[in-house]
Amino acid sequence: MKVLGIMGSPRIGGNSDVLLDRALAGAEAAGATLEKIILCKKKISGCLACEKCNETGVCAIDDDMPEIHQKILAADAVIHSVPVYFWSMTAQMKAYLDRWCALFDAQWRWHKAYWPRMKGKRIGLITVCGDSDVSTADPIVHSFRNTCQFTGLTWLGAVQASASAKGEIAGNEAALQEAYELGQKAAATTEEA
Ligand SMILES: Cc1cc2nc3c(=O)[nH]c(=O)nc-3n(C[C@H](O)[C@H](O)[C@H](O)COP(=O)(O)O)c2cc1C
């Protein structure tokens, strides 16, 4: 069981990072092997909508995203963690998500090369916002949950937390526990999930 963590905040050691690490600790305790990618350390351009990938399944942009595609394909579950920036996700996370485009064909079905590996993949999300009302992050949840529903992936759910200062979330036991449980769920066998 492989669980991949995708960290979408440019603030390394910040709230999204702390919660993702808790989720990955939960996954590891449940027997998963882990990999974590910090998006701001990678070169990821925006999708060009060139549609070359529709045929080949391979993105035409020469940056770090094709390597991340391979890691997504190899994982059983992917947990994303991202703060709210202007009622939306960070630019790093949006560029990453748009580049999922390369995994589809022209009809927005999984590219035939990838469907066997995308089938049943489990997707989780962690959001952090400065607002005390965690529903501020609902547009991000909508984006990830709809992507899963539209493409037939398994939605593990979202942990939505509130914090402002760097690392402040470390004092929020409830959010840490929720993140840990999301990680455990990600690592559960299909029957348990
Ligand atoms: C550019 C920017 C825009 C932000 N926009 C919002 C916002 O629209 N709503 C909100 O509740 N918090 C907003 N925040 C606050 C962050 O979501 C909050 O500080 C969060 O804890 C950061 O998470 P991190 O430590 O993982 O980077 C914004 C922060 C930055 C830097």
# chains A, B, ... in the order shown; residues from 1 in each chain; ligands from 1
$ closest_atom_pairs --of "chain A" --to "ligand 1" --cutoff "10 Å" --atoms "only C-alpha atoms and all ligand atoms" --output "JSON lines"
{"residue": "A:Met7", "atom": "CA", "partner": "ligand 1", "partner_atom_place_in_ligand_line": "26 (O)", "distance": 8.5}
{"residue": "A:Gly8", "atom": "CA", "partner": "ligand 1", "partner_atom_place_in_ligand_line": "26 (O)", "distance": 7.8}
{"residue": "A:Ser9", "atom": "CA", "partner": "ligand 1", "partner_atom_place_in_ligand_line": "27 (O)", "distance": 4.8}
{"residue": "A:Pro10", "atom": "CA", "partner": "ligand 1", "partner_atom_place_in_ligand_line": "27 (O)", "distance": 6.2}
{"residue": "A:Arg11", "atom": "CA", "partner": "ligand 1", "partner_atom_place_in_ligand_line": "27 (O)", "distance": 4.6}
{"residue": "A:Ile12", "atom": "CA", "partner": "ligand 1", "partner_atom_place_in_ligand_line": "27 (O)", "distance": 7.3}
{"residue": "A:Gly13", "atom": "CA", "partner": "ligand 1", "partner_atom_place_in_ligand_line": "25 (O)", "distance": 7.2}
{"residue": "A:Gly14", "atom": "CA", "partner": "ligand 1", "partner_atom_place_in_ligand_line": "25 (O)", "distance": 3.5}
{"residue": "A:Asn15", "atom": "CA", "partner": "ligand 1", "partner_atom_place_in_ligand_line": "25 (O)", "distance": 3.8}
{"residue": "A:Ser16", "atom": "CA", "partner": "ligand 1", "partner_atom_place_in_ligand_line": "26 (O)", "distance": 3.6}
{"residue": "A:Asp17", "atom": "CA", "partner": "ligand 1", "partner_atom_place_in_ligand_line": "26 (O)", "distance": 5.8}
{"residue": "A:Val18", "atom": "CA", "partner": "ligand 1", "partner_atom_place_in_ligand_line": "26 (O)", "distance": 7.7}
{"residue": "A:Leu19", "atom": "CA", "partner": "ligand 1", "partner_atom_place_in_ligand_line": "26 (O)", "distance": 8.5}
{"residue": "A:Leu20", "atom": "CA", "partner": "ligand 1", "partner_atom_place_in_ligand_line": "26 (O)", "distance": 9.5}
{"residue": "A:Ser81", "atom": "CA", "partner": "ligand 1", "partner_atom_place_in_ligand_line": "26 (O)", "distance": 7.9}
{"residue": "A:Val82", "atom": "CA", "partner": "ligand 1", "partner_atom_place_in_ligand_line": "26 (O)", "distance": 6.2}
{"residue": "A:Pro83", "atom": "CA", "partner": "ligand 1", "partner_atom_place_in_ligand_line": "23 (O)", "distance": 4.5}
{"residue": "A:Val84", "atom": "CA", "partner": "ligand 1", "partner_atom_place_in_ligand_line": "17 (O)", "distance": 4.1}
{"residue": "A:Tyr85", "atom": "CA", "partner": "ligand 1", "partner_atom_place_in_ligand_line": "5 (N)", "distance": 3.5}
{"residue": "A:Phe86", "atom": "CA", "partner": "ligand 1", "partner_atom_place_in_ligand_line": "8 (O)", "distance": 3.2}
{"residue": "A:Trp87", "atom": "CA", "partner": "ligand 1", "partner_atom_place_in_ligand_line": "8 (O)", "distance": 4.1}
{"residue": "A:Ser88", "atom": "CA", "partner": "ligand 1", "partner_atom_place_in_ligand_line": "8 (O)", "distance": 6.8}
{"residue": "A:Met89", "atom": "CA", "partner": "ligand 1", "partner_atom_place_in_ligand_line": "5 (N)", "distance": 8.9}
{"residue": "A:Thr90", "atom": "CA", "partner": "ligand 1", "partner_atom_place_in_ligand_line": "1 (C)", "distance": 8.0}
{"residue": "A:Ala91", "atom": "CA", "partner": "ligand 1", "partner_atom_place_in_ligand_line": "1 (C)", "distance": 9.7}
{"residue": "A:Ile126", "atom": "CA", "partner": "ligand 1", "partner_atom_place_in_ligand_line": "26 (O)", "distance": 9.9}
{"residue": "A:Thr127", "atom": "CA", "partner": "ligand 1", "partner_atom_place_in_ligand_line": "23 (O)", "distance": 8.2}
{"residue": "A:Val128", "atom": "CA", "partner": "ligand 1", "partner_atom_place_in_ligand_line": "20 (C)", "distance": 5.2}
{"residue": "A:Cys129", "atom": "CA", "partner": "ligand 1", "partner_atom_place_in_ligand_line": "17 (O)", "distance": 3.7}
{"residue": "A:Gly130", "atom": "CA", "partner": "ligand 1", "partner_atom_place_in_ligand_line": "12 (N)", "distance": 3.8}
{"residue": "A:Asp131", "atom": "CA", "partner": "ligand 1", "partner_atom_place_in_ligand_line": "11 (O)", "distance": 3.7}
{"residue": "A:Ser132", "atom": "CA", "partner": "ligand 1", "partner_atom_place_in_ligand_line": "11 (O)", "distance": 7.3}
{"residue": "A:Asp133", "atom": "CA", "partner": "ligand 1", "partner_atom_place_in_ligand_line": "11 (O)", "distance": 7.7}
{"residue": "A:Val134", "atom": "CA", "partner": "ligand 1", "partner_atom_place_in_ligand_line": "11 (O)", "distance": 7.7}
{"residue": "A:Ser135", "atom": "CA", "partner": "ligand 1", "partner_atom_place_in_ligand_line": "11 (O)", "distance": 9.1}
{"residue": "A:Thr136", "atom": "CA", "partner": "ligand 1", "partner_atom_place_in_ligand_line": "11 (O)", "distance": 6.0}
{"residue": "A:Ala137", "atom": "CA", "partner": "ligand 1", "partner_atom_place_in_ligand_line": "11 (O)", "distance": 7.5}
{"residue": "A:Ala161", "atom": "CA", "partner": "ligand 1", "partner_atom_place_in_ligand_line": "21 (O)", "distance": 8.5}
{"residue": "A:Ser162", "atom": "CA", "partner": "ligand 1", "partner_atom_place_in_ligand_line": "21 (O)", "distance": 6.6}
{"residue": "A:Ala163", "atom": "CA", "partner": "ligand 1", "partner_atom_place_in_ligand_line": "21 (O)", "distance": 4.4}
{"residue": "A:Ser164", "atom": "CA", "partner": "ligand 1", "partner_atom_place_in_ligand_line": "19 (O)", "distance": 3.7}
{"residue": "A:Ala165", "atom": "CA", "partner": "ligand 1", "partner_atom_place_in_ligand_line": "19 (O)", "distance": 5.8}
{"residue": "A:Lys166", "atom": "CA", "partner": "ligand 1", "partner_atom_place_in_ligand_line": "25 (O)", "distance": 4.8}
{"residue": "A:Gly167", "atom": "CA", "partner": "ligand 1", "partner_atom_place_in_ligand_line": "25 (O)", "distance": 6.2}
{"residue": "A:Glu168", "atom": "CA", "partner": "ligand 1", "partner_atom_place_in_ligand_line": "21 (O)", "distance": 7.7}
{"residue": "A:Ile169", "atom": "CA", "partner": "ligand 1", "partner_atom_place_in_ligand_line": "21 (O)", "distance": 7.7}
$ select_by_dssp --residues "segment 71-192 of chain A" --states "strand (DSSP E)" --output "PyMOL selection string"
chain A and resi 77-83+122-129+154-162
$ residues_around --residues "Lys121 of chain A" --least-positions-apart "6" --cutoff "7 Å" --atoms "only C-alpha atoms" --output "list of chain:residue names"
A:Asp76, A:Ala77, A:Leu153, A:Thr154
$ residues_around --residues "Asn54 of chain A" --least-positions-apart "4" --cutoff "7 Å" --atoms "only C-alpha atoms" --output "list in words"
Ala102, Phe104, Asp105 and Ala106 of chain A
$ atom_distance --atom1 "atom CA of Cys53 of chain A" --atom2 "atom CA of Leu103 of chain A"
7.6 Å
$ residues_around --residues "Gln149 of chain A" --least-positions-apart "5" --cutoff "12 Å" --atoms "only C-alpha atoms" --output "PyMOL selection string"
chain A and resi 120-123+141-144+154-157
$ select_by_dssp --residues "segment 87-172 of chain A" --states "alpha helix (DSSP H)" --output "list in words"
Ala91, Gln92, Met93, Lys94, Ala95, Tyr96, Leu97, Asp98, Trp115, Pro116, Arg117, Met118, Asp138, Pro139, Ile140, Val141, His142, Ser143, Phe144, Arg145, Asn146, Thr147, Cys148, Gln149, Phe150 and Thr151 of chain A
$ residues_around --residues "Phe150 of chain A" --least-positions-apart "5" --cutoff "10 Å" --atoms "only C-alpha atoms" --output "CSV table (one decimal) with C-alpha atoms, in the first residue's frame"
chain,number,residue,atom,x,y,z
A,108,TRP,CA,-12.1,13.3,-20.5
A,109,ARG,CA,-12.0,9.6,-19.9
A,144,PHE,CA,-11.2,17.8,-5.6
A,145,ARG,CA,-14.4,16.0,-4.8
